[in-house]
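With PDB, C-alpha atoms inside, this is target36.pdb:
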ATOM      1  CA  MET A 126      85.259 113.480  36.307
ATOM      2  CA  VAL A 127      86.407 116.792  37.781
ATOM      3  CA  ARG A 128      84.080 116.323  40.729
ATOM      4  CA  PHE A 129      85.501 112.829  41.311
ATOM      5  CA  GLY A 130      89.022 114.226  41.148
ATOM      6  CA  LYS A 131      88.215 116.853  43.746
ATOM      7  CA  PHE A 132      86.762 114.154  45.983
ATOM      8  CA  VAL A 133      89.901 112.034  45.732
ATOM      9  CA  LEU A 134      92.094 115.064  46.372
ATOM     10  CA  ALA A 135      90.164 115.963  49.507
ATOM     11  CA  ALA A 136      90.221 112.374  50.749
ATOM     12  CA  VAL A 137      93.989 112.089  50.348
ATOM     13  CA  ALA A 138      94.527 115.430  52.098
ATOM     14  CA  ILE A 139      92.417 114.333  55.057
ATOM     15  CA  ALA A 140      94.324 111.061  55.246
ATOM     16  CA  ILE A 141      97.647 112.918  55.380
ATOM     17  CA  LEU A 142      96.455 115.170  58.167
ATOM     18  CA  SER A 143      95.191 112.209  60.174
ATOM     19  CA  LEU A 144      98.563 110.452  60.043
ATOM     20  CA  GLY A 145      99.966 112.700  62.755
ATOM     21  CA  ASN A 146      96.881 113.130  64.868
ATOM     22  CA  THR A 147      95.907 109.757  66.317
ATOM     23  CA  VAL A 148      94.569 110.362  69.825
ATOM     24  CA  ASN A 149      92.752 107.643  71.784
ATOM     25  CA  ALA A 150      91.529 108.329  75.305
ATOM     26  CA  GLY A 151      90.688 105.612  77.760
ATOM     27  CA  VAL A 152      90.711 104.237  81.273
ATOM     28  CA  ILE A 153      93.955 102.371  81.952
ATOM     29  CA  TYR A 154      93.261 101.428  85.596
ATOM     30  CA  ASP A 155      89.930 101.041  87.357
ATOM     31  CA  ASN A 156      88.694  99.136  90.403
ATOM     32  CA  THR A 157      86.159 101.709  91.608
ATOM     33  CA  SER A 158      83.014  99.911  90.483
ATOM     34  CA  VAL A 159      82.798  97.541  93.473
ATOM     35  CA  THR A 160      81.912  98.241  97.098
ATOM     36  CA  PRO A 161      85.061  98.892  99.129
ATOM     37  CA  GLN A 162      86.050  96.206 101.595
ATOM     38  CA  ASN A 163      87.291  98.818 104.033
ATOM     39  CA  TYR A 164      89.005 102.223 104.275
ATOM     40  CA  ASP A 165      92.603 102.853 105.335
ATOM     41  CA  GLU A 166      93.438 106.037 107.268
ATOM     42  CA  ALA A 167      96.256 107.979 105.597
ATOM     43  CA  ILE A 168      97.215 109.720 108.848
ATOM     44  CA  VAL A 169      97.806 106.338 110.506
ATOM     45  CA  ASP A 170      99.354 104.238 107.726
ATOM     46  CA  GLY A 171     100.240 106.835 105.102
ATOM     47  CA  PRO A 172     101.338 108.101 102.810
ATOM     48  CA  LEU A 173      99.288 105.544 100.857
ATOM     49  CA  PHE A 174     100.166 104.480  97.308
ATOM     50  CA  ASP A 175      98.590 102.570  94.404
ATOM     51  CA  SER A 176     100.426 101.828  91.146
ATOM     52  CA  PHE A 177      99.407 101.755  87.486
ATOM     53  CA  SER A 178     101.375 101.161  84.282
ATOM     54  CA  THR A 179     101.395 102.449  80.735
ATOM     55  CA  GLY A 180     101.551 100.184  77.692
ATOM     56  CA  GLY A 181     103.739 100.450  74.621
ATOM     57  CA  THR A 182     102.663 104.021  73.828
ATOM     58  CA  ALA A 183     103.512 107.301  75.550
ATOM     59  CA  LEU A 184     100.435 108.759  77.231
ATOM     60  CA  SER A 185      99.124 111.922  78.849
ATOM     61  CA  LEU A 186      97.502 111.562  82.255
ATOM     62  CA  THR A 187      94.190 113.408  82.045
ATOM     63  CA  ASP A 188      92.109 112.372  85.055
ATOM     64  CA  VAL A 189      92.310 110.514  88.382
ATOM     65  CA  LYS A 190      89.367 109.439  90.531
ATOM     66  CA  LEU A 191      89.789 107.970  94.026
ATOM     67  CA  ASN A 192      87.327 106.309  96.395
ATOM     68  CA  LEU A 193      87.817 108.438  99.509
ATOM     69  CA  ALA A 194      86.169 109.037 102.864
ATOM     70  CA  THR A 195      86.863 111.053 106.000
ATOM     71  CA  THR A 196      86.684 110.215 109.696
ATOM     72  CA  ASN A 197      85.743 113.832 110.452
ATOM     73  CA  GLY A 198      83.310 115.568 108.134
ATOM     74  CA  SER A 199      83.798 118.934 109.845
ATOM     75  CA  SER A 200      87.596 118.907 109.605
ATOM     76  CA  ASN A 201      89.162 122.050 108.155
ATOM     77  CA  LYS A 202      92.364 120.219 107.219
ATOM     78  CA  SER A 203      93.431 119.042 103.764
ATOM     79  CA  PHE A 204      95.494 116.337 102.064
ATOM     80  CA  THR A 205      97.442 116.046  98.828
ATOM     81  CA  VAL A 206      97.210 113.694  95.869
ATOM     82  CA  SER A 207     100.392 113.280  93.815
ATOM     83  CA  LEU A 208     101.757 111.381  90.839
ATOM     84  CA  VAL A 209     104.912 109.554  91.886
ATOM     85  CA  ASN A 210     107.637 107.909  89.814
ATOM     86  CA  ASP A 211     108.583 104.280  90.357
ATOM     87  CA  ASN A 212     112.088 103.842  91.802
ATOM     88  CA  GLY A 213     112.865 101.048  89.326
ATOM     89  CA  SER A 214     112.197  98.282  91.855
ATOM     90  CA  ASN A 215     108.387  98.391  91.989
ATOM     91  CA  LYS A 216     108.384 100.910  94.825
ATOM     92  CA  PRO A 217     107.288 104.572  95.019
ATOM     93  CA  GLY A 218     110.139 106.957  94.237
ATOM     94  CA  THR A 219     110.278 110.695  93.646
ATOM     95  CA  THR A 220     107.224 112.900  93.203
ATOM     96  CA  LYS A 221     106.547 113.681  89.538
ATOM     97  CA  ALA A 222     103.659 116.110  89.988
ATOM     98  CA  LEU A 223     101.201 117.389  92.570
ATOM     99  CA  LEU A 224      97.737 116.582  91.233
ATOM    100  CA  GLY A 225      95.699 118.422  93.827
ATOM    101  CA  THR A 226      95.148 119.589  97.398
ATOM    102  CA  ILE A 227      91.750 118.524  98.691
ATOM    103  CA  ALA A 228      89.864 119.664 101.799
ATOM    104  CA  ASP A 229      88.626 117.025 104.223
ATOM    105  CA  ASN A 230      85.198 118.670 104.420
ATOM    106  CA  THR A 231      84.585 117.924 100.732
ATOM    107  CA  LEU A 232      84.503 114.205 101.596
ATOM    108  CA  SER A 233      81.775 112.161 103.268
ATOM    109  CA  THR A 234      82.135 109.797 106.197
ATOM    110  CA  GLY A 235      80.446 107.090 104.123
ATOM    111  CA  GLY A 236      82.902 107.404 101.253
ATOM    112  CA  SER A 237      82.471 108.237  97.562
ATOM    113  CA  THR A 238      84.433 108.663  94.349
ATOM    114  CA  LYS A 239      86.386 111.937  94.317
ATOM    115  CA  ASP A 240      87.493 113.391  90.989
ATOM    116  CA  VAL A 241      90.988 114.928  91.082
ATOM    117  CA  SER A 242      90.625 116.935  87.876
ATOM    118  CA  SER A 243      92.332 120.259  88.591
ATOM    119  CA  PHE A 244      95.642 119.367  86.941
ATOM    120  CA  SER A 245      96.789 119.859  83.343
ATOM    121  CA  PRO A 246      97.631 116.750  81.248
ATOM    122  CA  ILE A 247     100.915 115.172  82.363
ATOM    123  CA  GLY A 248     103.187 113.219  80.030
ATOM    124  CA  LEU A 249     103.763 109.544  80.865
ATOM    125  CA  ASP A 250     106.493 107.380  79.345
ATOM    126  CA  ALA A 251     105.647 104.146  77.549
ATOM    127  CA  ASN A 252     106.078 100.829  79.399
ATOM    128  CA  THR A 253     106.484 102.586  82.737
ATOM    129  CA  ARG A 254     104.990 102.142  86.216
ATOM    130  CA  TYR A 255     103.733 105.151  88.182
ATOM    131  CA  TRP A 256     102.084 105.591  91.563
ATOM    132  CA  ILE A 257      99.242 107.688  92.913
ATOM    133  CA  GLU A 258      99.928 108.947  96.454
ATOM    134  CA  VAL A 259      97.441 110.108  99.090
ATOM    135  CA  ASN A 260      99.268 112.003 101.835
ATOM    136  CA  ALA A 261      97.517 113.212 104.987
ATOM    137  CA  ASN A 262     100.515 115.438 105.797
ATOM    138  CA  SER A 263     100.064 114.443 109.472
ATOM    139  CA  VAL A 264      96.826 116.439 109.800
ATOM    140  CA  SER A 265      94.127 115.161 107.427
ATOM    141  CA  SER A 266      91.362 112.716 108.316
ATOM    142  CA  VAL A 267      91.211 111.246 104.787
ATOM    143  CA  GLU A 268      90.701 107.524 104.226
ATOM    144  CA  TRP A 269      91.279 105.585 100.988
ATOM    145  CA  GLY A 270      88.993 102.693 100.082
ATOM    146  CA  ILE A 271      90.401  99.229  99.367
ATOM    147  CA  SER A 272      88.903  96.714  96.954
ATOM    148  CA  PRO A 273      88.740  92.914  97.205
ATOM    149  CA  ASP A 274      88.271  92.681  93.421
ATOM    150  CA  SER A 275      91.384  92.812  91.222
ATOM    151  CA  SER A 276      89.601  91.982  87.952
ATOM    152  CA  GLY A 277      89.219  95.606  86.861
ATOM    153  CA  THR A 278      91.059  97.277  84.006
ATOM    154  CA  GLY A 279      94.827  97.336  84.552
ATOM    155  CA  VAL A 280      94.624  96.129  88.168
ATOM    156  CA  ALA A 281      96.222  92.687  87.912
ATOM    157  CA  GLY A 282      99.967  92.670  88.454
ATOM    158  CA  GLU A 283     100.124  96.158  89.946
ATOM    159  CA  TYR A 284     101.123  97.120  93.503
ATOM    160  CA  TRP A 285      99.914  99.029  96.549
ATOM    161  CA  ALA A 286     101.937 100.396  99.430
ATOM    162  CA  TYR A 287     101.422 101.837 102.907
ATOM    163  CA  ASN A 288     103.535 102.852 105.880
ATOM    164  CA  PRO A 289     102.548 101.144 109.142
ATOM    165  CA  GLY A 290     104.825 102.456 111.867
ATOM    166  CA  GLY A 291     106.723 104.539 109.329
ATOM    167  CA  THR A 292     108.040 101.514 107.403
ATOM    168  CA  LEU A 293     107.072 101.290 103.718
ATOM    169  CA  VAL A 294     105.413  97.984 102.850
ATOM    170  CA  VAL A 295     104.789  97.177  99.180
ATOM    171  CA  THR A 296     102.466  94.347  98.129
ATOM    172  CA  GLN A 297     101.541  93.086  94.666
ATOM    173  CA  ASN A 298      97.828  93.009  93.892
ATOM    174  CA  ALA A 299      96.577  89.526  94.678
ATOM    175  CA  PRO A 300      93.709  87.602  93.019
ATOM    176  CA  SER A 301      90.170  88.676  93.821
ATOM    177  CA  GLY A 302      89.033  87.807  97.331
ATOM    178  CA  SER A 303      92.507  87.936  98.845
ATOM    179  CA  ALA A 304      93.391  89.968 101.913
ATOM    180  CA  ASN A 305      96.045  91.798  99.865
ATOM    181  CA  THR A 306      93.667  94.355  98.415
ATOM    182  CA  PRO A 307      94.753  97.466  96.478
ATOM    183  CA  PHE A 308      93.364 100.943  96.978
ATOM    184  CA  GLN A 309      90.523 102.046  94.736
ATOM    185  CA  MET A 310      91.198 104.433  91.883
ATOM    186  CA  GLN A 311      90.401 105.136  88.254
ATOM    187  CA  VAL A 312      93.145 106.481  85.986
ATOM    188  CA  THR A 313      92.366 107.948  82.560
ATOM    189  CA  ALA A 314      94.947 108.850  79.915
ATOM    190  CA  SER A 315      95.130 109.751  76.246
ATOM    191  CA  ALA A 316      97.678 108.716  73.647
ATOM    192  CA  VAL A 317     100.190 111.394  72.688
ATOM    193  CA  SER A 318      99.741 112.723  69.137
ATOM    194  CA  SER A 319     102.342 111.149  66.892
ATOM    195  CA  VAL A 320     104.282 112.611  63.957
ATOM    196  CA  PRO A 321     104.191 110.299  60.882
ATOM    197  CA  GLU A 322     107.366 108.559  59.763
ATOM    198  CA  PRO A 323     109.158 110.375  56.870
ATOM    199  CA  SER A 324     108.607 107.412  54.534
ATOM    200  CA  THR A 325     104.885 107.333  55.317
ATOM    201  CA  LEU A 326     104.530 111.070  54.851
ATOM    202  CA  SER A 327     106.498 110.924  51.574
ATOM    203  CA  LEU A 328     104.239 108.186  50.232
ATOM    204  CA  ALA A 329     101.125 110.139  51.143
ATOM    205  CA  LEU A 330     102.444 113.324  49.533
ATOM    206  CA  SER A 331     103.334 111.359  46.386
ATOM    207  CA  ALA A 332      99.763 110.091  46.195
ATOM    208  CA  LEU A 333      98.508 113.632  46.591
ATOM    209  CA  GLY A 334     100.830 114.813  43.819
ATOM    210  CA  ILE A 335      99.619 112.108  41.451
ATOM    211  CA  CYS A 336      96.040 113.187  42.062
ATOM    212  CA  VAL A 337      96.889 116.828  41.361
ATOM    213  CA  VAL A 338      98.689 115.948  38.115
ATOM    214  CA  GLY A 339      95.835 113.705  37.019
ATOM    215  CA  ILE A 340      93.251 116.395  37.597
ATOM    216  CA  ALA A 341      95.389 118.967  35.748
ATOM    217  CA  ARG A 342      95.740 116.679  32.711
ATOM    218  CA  ARG A 343      92.016 116.061  32.558
ATOM    219  CA  ARG A 344      91.364 119.775  32.587
ATOM    220  CA  ALA A 345      93.927 120.313  29.805
ATOM    221  CA  ILE A 346      92.316 117.630  27.619
ATOM    222  CA  ARG A 347      88.831 119.051  28.176
ATOM    223  CA  SER A 348      90.036 122.523  27.187
TER     224      SER A 348
END
Show me the file's structure as structure tokens.
Amino acid sequence: MVRFGKFVLAAVAIAILSLGNTVNAGVIYDNTSVTPQNYDEAIVDGPLFDSFSTGGTALSLTDVKLNLATTNGSSNKSFTVSLVNDNGSNKPGTTKALLGTIADNTLSTGGSTKDVSSFSPIGLDANTRYWIEVNANSVSSVEWGISPDSSGTGVAGEYWAYNPGGTLVVTQNAPSGSANTPFQMQVTASAVSSVPEPSTLSLALSALGICVVGIARRRAIRS
């Protein structure tokens, strides 16, 4: 009986600790698995933008991968990748964080998936749209792949934007096969650890207390 009591006590304690530590990581946007239809030059039409949205839970941005290429594999220039806030009207707004500065000569002319993983986790609000920006800064030869397939995770209903002639043009992601094709990226985030509600924590502590009292009484009877 004492062994059973100890088991119950340990189980309840673990349950209490887990109440405030629910963390689920996952890909929330991804259209990188298909062959790009083409590549758009950031120095010509950039900065280039692609949007993604969070769900009903606050998240931490942990990783971004982009399908990138370069028109000049020997270039010694670089470009920046940034996280940008939405302006409230489904358009890129202010920069939230610089995710990385990448050298052109780390890219291939044929294109490949580039992992932008040098940044620390960044908090994202629930039910909010954000943008990833690729900026050539008027010098880089970077290109960003575009995808004709909008069936990937989180792609439908989002937006992409570019700047032909210096005028920002924003387009909603169209059905697969359309000419309105978003840029290719994969965005990974994790849920922010939550603190349990007071009522939930109180109930769990009460259960723990009952177990402690029960075990104490059994020991008293046995003695």
Output as CSV one row per residue of segment 254-290 of chain A within 8 Å of segment 181-199 of chain A: the closest atom pair and its distance in Å to one decimal place, counting only C-alpha atoms, sorted by chain and residue number ascending.
residue,atom,partner,partner_atom,distance
A:Ser266,CA,A:Thr195,CA,5.3
A:Val267,CA,A:Thr195,CA,4.5
A:Glu268,CA,A:Ala194,CA,5.0
A:Trp269,CA,A:Leu193,CA,4.7
A:Gly270,CA,A:Asn192,CA,5.4
| query | Between atom CA of Val209 of chain A and atom CA of Leu223 of chain A, what is the spacing in Å? | reply | 8.7 Å
| message | Report as a VMD selection string all protein, DNA and RNA residues lying within 8 Å of Ser176 of chain A, evaluated on all atoms listed in the file, omitting residues in the same chain fewer than 2 positions from it. | response | chain A and resid 174 178 254 to 257 283 to 285
| note | Using all atoms listed in the file, the shortest atom-to-atom distance to Ala281 of chain A among A:Gly218, A:Gly248, A:Gly225, A:Pro300 belongs to A:Pro300
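Distances to Asp250 of chain A were evaluated for A:Asp211, A:Asp274, A:Asp229, A:Asp175 using all atoms listed in the file, and the minimum falls at A:Asp211.
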| Leaving out segment 152-163 of chain A and any residue of its chain fewer than 6 positions from it, which residues lie within 8 Å of it when counting only C-alpha atoms, given as a list in words? |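 Listing them by chain and then by number gives Phe177, Ser178, Thr179, Leu191, Asn192, Thr238, Gly270, Ile271, Ser272, Pro273, Asp274, Ser275, Ser276, Gly277, Thr278, Gly279, Val280, Gln309, Met310, Gln311, Val312, Thr313 and Ala314 of chain A.
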| query | For the atom pair atom CA of Ala167 of chain A and atom CA of Ala261 of chain A, what is the interatomic distance in Å to one decimal place? | reply | 5.4 Å
| query | So which one's closest to Glu258 of chain A, A:Ala222, A:Gly290, A:Asn305, A:Ser200? Using all atoms listed in the file, please. | reply |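 Selected residue with least distance to Glu258 of chain A: A:Ala222.
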| request: Go through A:Val294, A:Leu232, A:Tyr287, A:Gly213 one by one, measure the shortest atom-to-atom distance of each to Asn260 of chain A using all atoms listed in the file, and give the residue with the smallest value. | output: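 For Asn260 of chain A, the nearest of the given residues is A:Tyr287.
The space between atom CA of Ala228 of chain A and atom CA of Tyr164 of chain A spans 17.6 Å.
The residue that comes closest to Asn210 of chain A, out of A:Leu249, A:Val169, A:Ala299, A:Ile227 and on the basis of only C-alpha atoms, is A:Leu249.
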| task | Mind checking which residues fall within 7 Å of Ile168 of chain A, counting only C-alpha atoms, ignoring those fewer than 2 positions away in the same chain, and posting them as a list in words? | result |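 These residues fall inside the cut-off: Glu166, Asp170, Gly171, Ala261, Ser263, Val264, Ser265 and Ser266 of chain A.
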Using only the atoms of segment 184-188 of chain A listed in the file, plus 3 Å on each side, state the axis-aligned box centre and edge lengths in Å rounded to one decimal, as AutoDock Vina command-line options.
--center_x 96.3 --center_y 111.1 --center_z 81.1 --size_x 14.3 --size_y 10.6 --size_z 13.8
Student task, segment 226-253 of chain A output with N, CA and C atoms as a PDB file, in the first residue's frame:
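Okay, part_9.pdb is ready:
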ATOM      1  N   THR A 226      22.210  37.979 -41.927  1.00  0.00           N
ATOM      2  CA  THR A 226      22.871  38.559 -43.096  1.00  0.00           C
ATOM      3  C   THR A 226      23.629  37.433 -43.779  1.00  0.00           C
ATOM      4  N   ILE A 227      23.328  37.208 -45.048  1.00  0.00           N
ATOM      5  CA  ILE A 227      23.828  36.032 -45.752  1.00  0.00           C
ATOM      6  C   ILE A 227      24.658  36.455 -46.971  1.00  0.00           C
ATOM      7  N   ALA A 228      25.786  35.821 -47.160  1.00  0.00           N
ATOM      8  CA  ALA A 228      26.665  36.130 -48.293  1.00  0.00           C
ATOM      9  C   ALA A 228      26.149  35.470 -49.560  1.00  0.00           C
ATOM     10  N   ASP A 229      26.247  36.191 -50.667  1.00  0.00           N
ATOM     11  CA  ASP A 229      25.820  35.642 -51.956  1.00  0.00           C
ATOM     12  C   ASP A 229      26.564  34.361 -52.302  1.00  0.00           C
ATOM     13  N   ASN A 230      27.870  34.304 -51.976  1.00  0.00           N
ATOM     14  CA  ASN A 230      28.674  33.160 -52.387  1.00  0.00           C
ATOM     15  C   ASN A 230      28.401  31.888 -51.583  1.00  0.00           C
ATOM     16  N   THR A 231      27.427  31.959 -50.660  1.00  0.00           N
ATOM     17  CA  THR A 231      26.984  30.737 -49.979  1.00  0.00           C
ATOM     18  C   THR A 231      25.794  30.109 -50.701  1.00  0.00           C
ATOM     19  N   LEU A 232      25.327  30.766 -51.769  1.00  0.00           N
ATOM     20  CA  LEU A 232      24.202  30.269 -52.553  1.00  0.00           C
ATOM     21  C   LEU A 232      24.703  29.666 -53.859  1.00  0.00           C
ATOM     22  N   SER A 233      23.856  28.857 -54.495  1.00  0.00           N
ATOM     23  CA  SER A 233      24.197  28.281 -55.788  1.00  0.00           C
ATOM     24  C   SER A 233      23.360  28.928 -56.882  1.00  0.00           C
ATOM     25  N   THR A 234      23.868  28.889 -58.102  1.00  0.00           N
ATOM     26  CA  THR A 234      23.110  29.457 -59.212  1.00  0.00           C
ATOM     27  C   THR A 234      21.891  28.596 -59.551  1.00  0.00           C
ATOM     28  N   GLY A 235      21.924  27.333 -59.156  1.00  0.00           N
ATOM     29  CA  GLY A 235      20.787  26.449 -59.425  1.00  0.00           C
ATOM     30  C   GLY A 235      19.693  26.534 -58.388  1.00  0.00           C
ATOM     31  N   GLY A 236      20.014  27.121 -57.215  1.00  0.00           N
ATOM     32  CA  GLY A 236      19.023  27.265 -56.171  1.00  0.00           C
ATOM     33  C   GLY A 236      18.985  26.085 -55.205  1.00  0.00           C
ATOM     34  N   SER A 237      18.710  26.371 -53.950  1.00  0.00           N
ATOM     35  CA  SER A 237      18.582  25.338 -52.916  1.00  0.00           C
ATOM     36  C   SER A 237      17.955  25.962 -51.680  1.00  0.00           C
ATOM     37  N   THR A 238      17.592  25.111 -50.726  1.00  0.00           N
ATOM     38  CA  THR A 238      16.992  25.595 -49.487  1.00  0.00           C
ATOM     39  C   THR A 238      18.077  26.093 -48.544  1.00  0.00           C
ATOM     40  N   LYS A 239      17.956  27.333 -48.109  1.00  0.00           N
ATOM     41  CA  LYS A 239      18.931  27.958 -47.210  1.00  0.00           C
ATOM     42  C   LYS A 239      18.318  28.112 -45.828  1.00  0.00           C
ATOM     43  N   ASP A 240      19.006  27.584 -44.824  1.00  0.00           N
ATOM     44  CA  ASP A 240      18.512  27.652 -43.449  1.00  0.00           C
ATOM     45  C   ASP A 240      19.006  28.932 -42.784  1.00  0.00           C
ATOM     46  N   VAL A 241      18.061  29.780 -42.365  1.00  0.00           N
ATOM     47  CA  VAL A 241      18.406  31.017 -41.645  1.00  0.00           C
ATOM     48  C   VAL A 241      18.232  30.718 -40.157  1.00  0.00           C
ATOM     49  N   SER A 242      19.252  30.161 -39.535  1.00  0.00           N
ATOM     50  CA  SER A 242      19.097  29.631 -38.176  1.00  0.00           C
ATOM     51  C   SER A 242      19.968  30.325 -37.138  1.00  0.00           C
ATOM     52  N   SER A 243      20.504  31.493 -37.470  1.00  0.00           N
ATOM     53  CA  SER A 243      21.445  32.147 -36.554  1.00  0.00           C
ATOM     54  C   SER A 243      20.765  33.039 -35.520  1.00  0.00           C
ATOM     55  N   PHE A 244      19.446  33.122 -35.531  1.00  0.00           N
ATOM     56  CA  PHE A 244      18.753  34.007 -34.613  1.00  0.00           C
ATOM     57  C   PHE A 244      18.209  33.251 -33.400  1.00  0.00           C
ATOM     58  N   SER A 245      18.031  33.970 -32.292  1.00  0.00           N
ATOM     59  CA  SER A 245      17.414  33.400 -31.100  1.00  0.00           C
ATOM     60  C   SER A 245      15.899  33.388 -31.279  1.00  0.00           C
ATOM     61  N   PRO A 246      15.172  32.510 -30.562  1.00  0.00           N
ATOM     62  CA  PRO A 246      13.711  32.459 -30.690  1.00  0.00           C
ATOM     63  C   PRO A 246      13.082  33.841 -30.506  1.00  0.00           C
ATOM     64  N   ILE A 247      12.102  34.140 -31.332  1.00  0.00           N
ATOM     65  CA  ILE A 247      11.440  35.451 -31.329  1.00  0.00           C
ATOM     66  C   ILE A 247       9.964  35.260 -31.040  1.00  0.00           C
ATOM     67  N   GLY A 248       9.440  35.992 -30.072  1.00  0.00           N
ATOM     68  CA  GLY A 248       8.038  35.871 -29.695  1.00  0.00           C
ATOM     69  C   GLY A 248       7.099  36.375 -30.786  1.00  0.00           C
ATOM     70  N   LEU A 249       6.044  35.598 -31.039  1.00  0.00           N
ATOM     71  CA  LEU A 249       5.013  35.961 -32.015  1.00  0.00           C
ATOM     72  C   LEU A 249       3.655  35.988 -31.325  1.00  0.00           C
ATOM     73  N   ASP A 250       2.863  37.004 -31.585  1.00  0.00           N
ATOM     74  CA  ASP A 250       1.536  37.111 -30.996  1.00  0.00           C
ATOM     75  C   ASP A 250       0.581  36.115 -31.642  1.00  0.00           C
ATOM     76  N   ALA A 251      -0.442  35.728 -30.892  1.00  0.00           N
ATOM     77  CA  ALA A 251      -1.474  34.842 -31.426  1.00  0.00           C
ATOM     78  C   ALA A 251      -2.315  35.576 -32.465  1.00  0.00           C
ATOM     79  N   ASN A 252      -2.866  34.833 -33.413  1.00  0.00           N
ATOM     80  CA  ASN A 252      -3.777  35.363 -34.432  1.00  0.00           C
ATOM     81  C   ASN A 252      -3.217  36.603 -35.129  1.00  0.00           C
ATOM     82  N   THR A 253      -1.958  36.510 -35.534  1.00  0.00           N
ATOM     83  CA  THR A 253      -1.277  37.663 -36.122  1.00  0.00           C
ATOM     84  C   THR A 253      -0.527  37.260 -37.389  1.00  0.00           C
TER      85      THR A 253
END
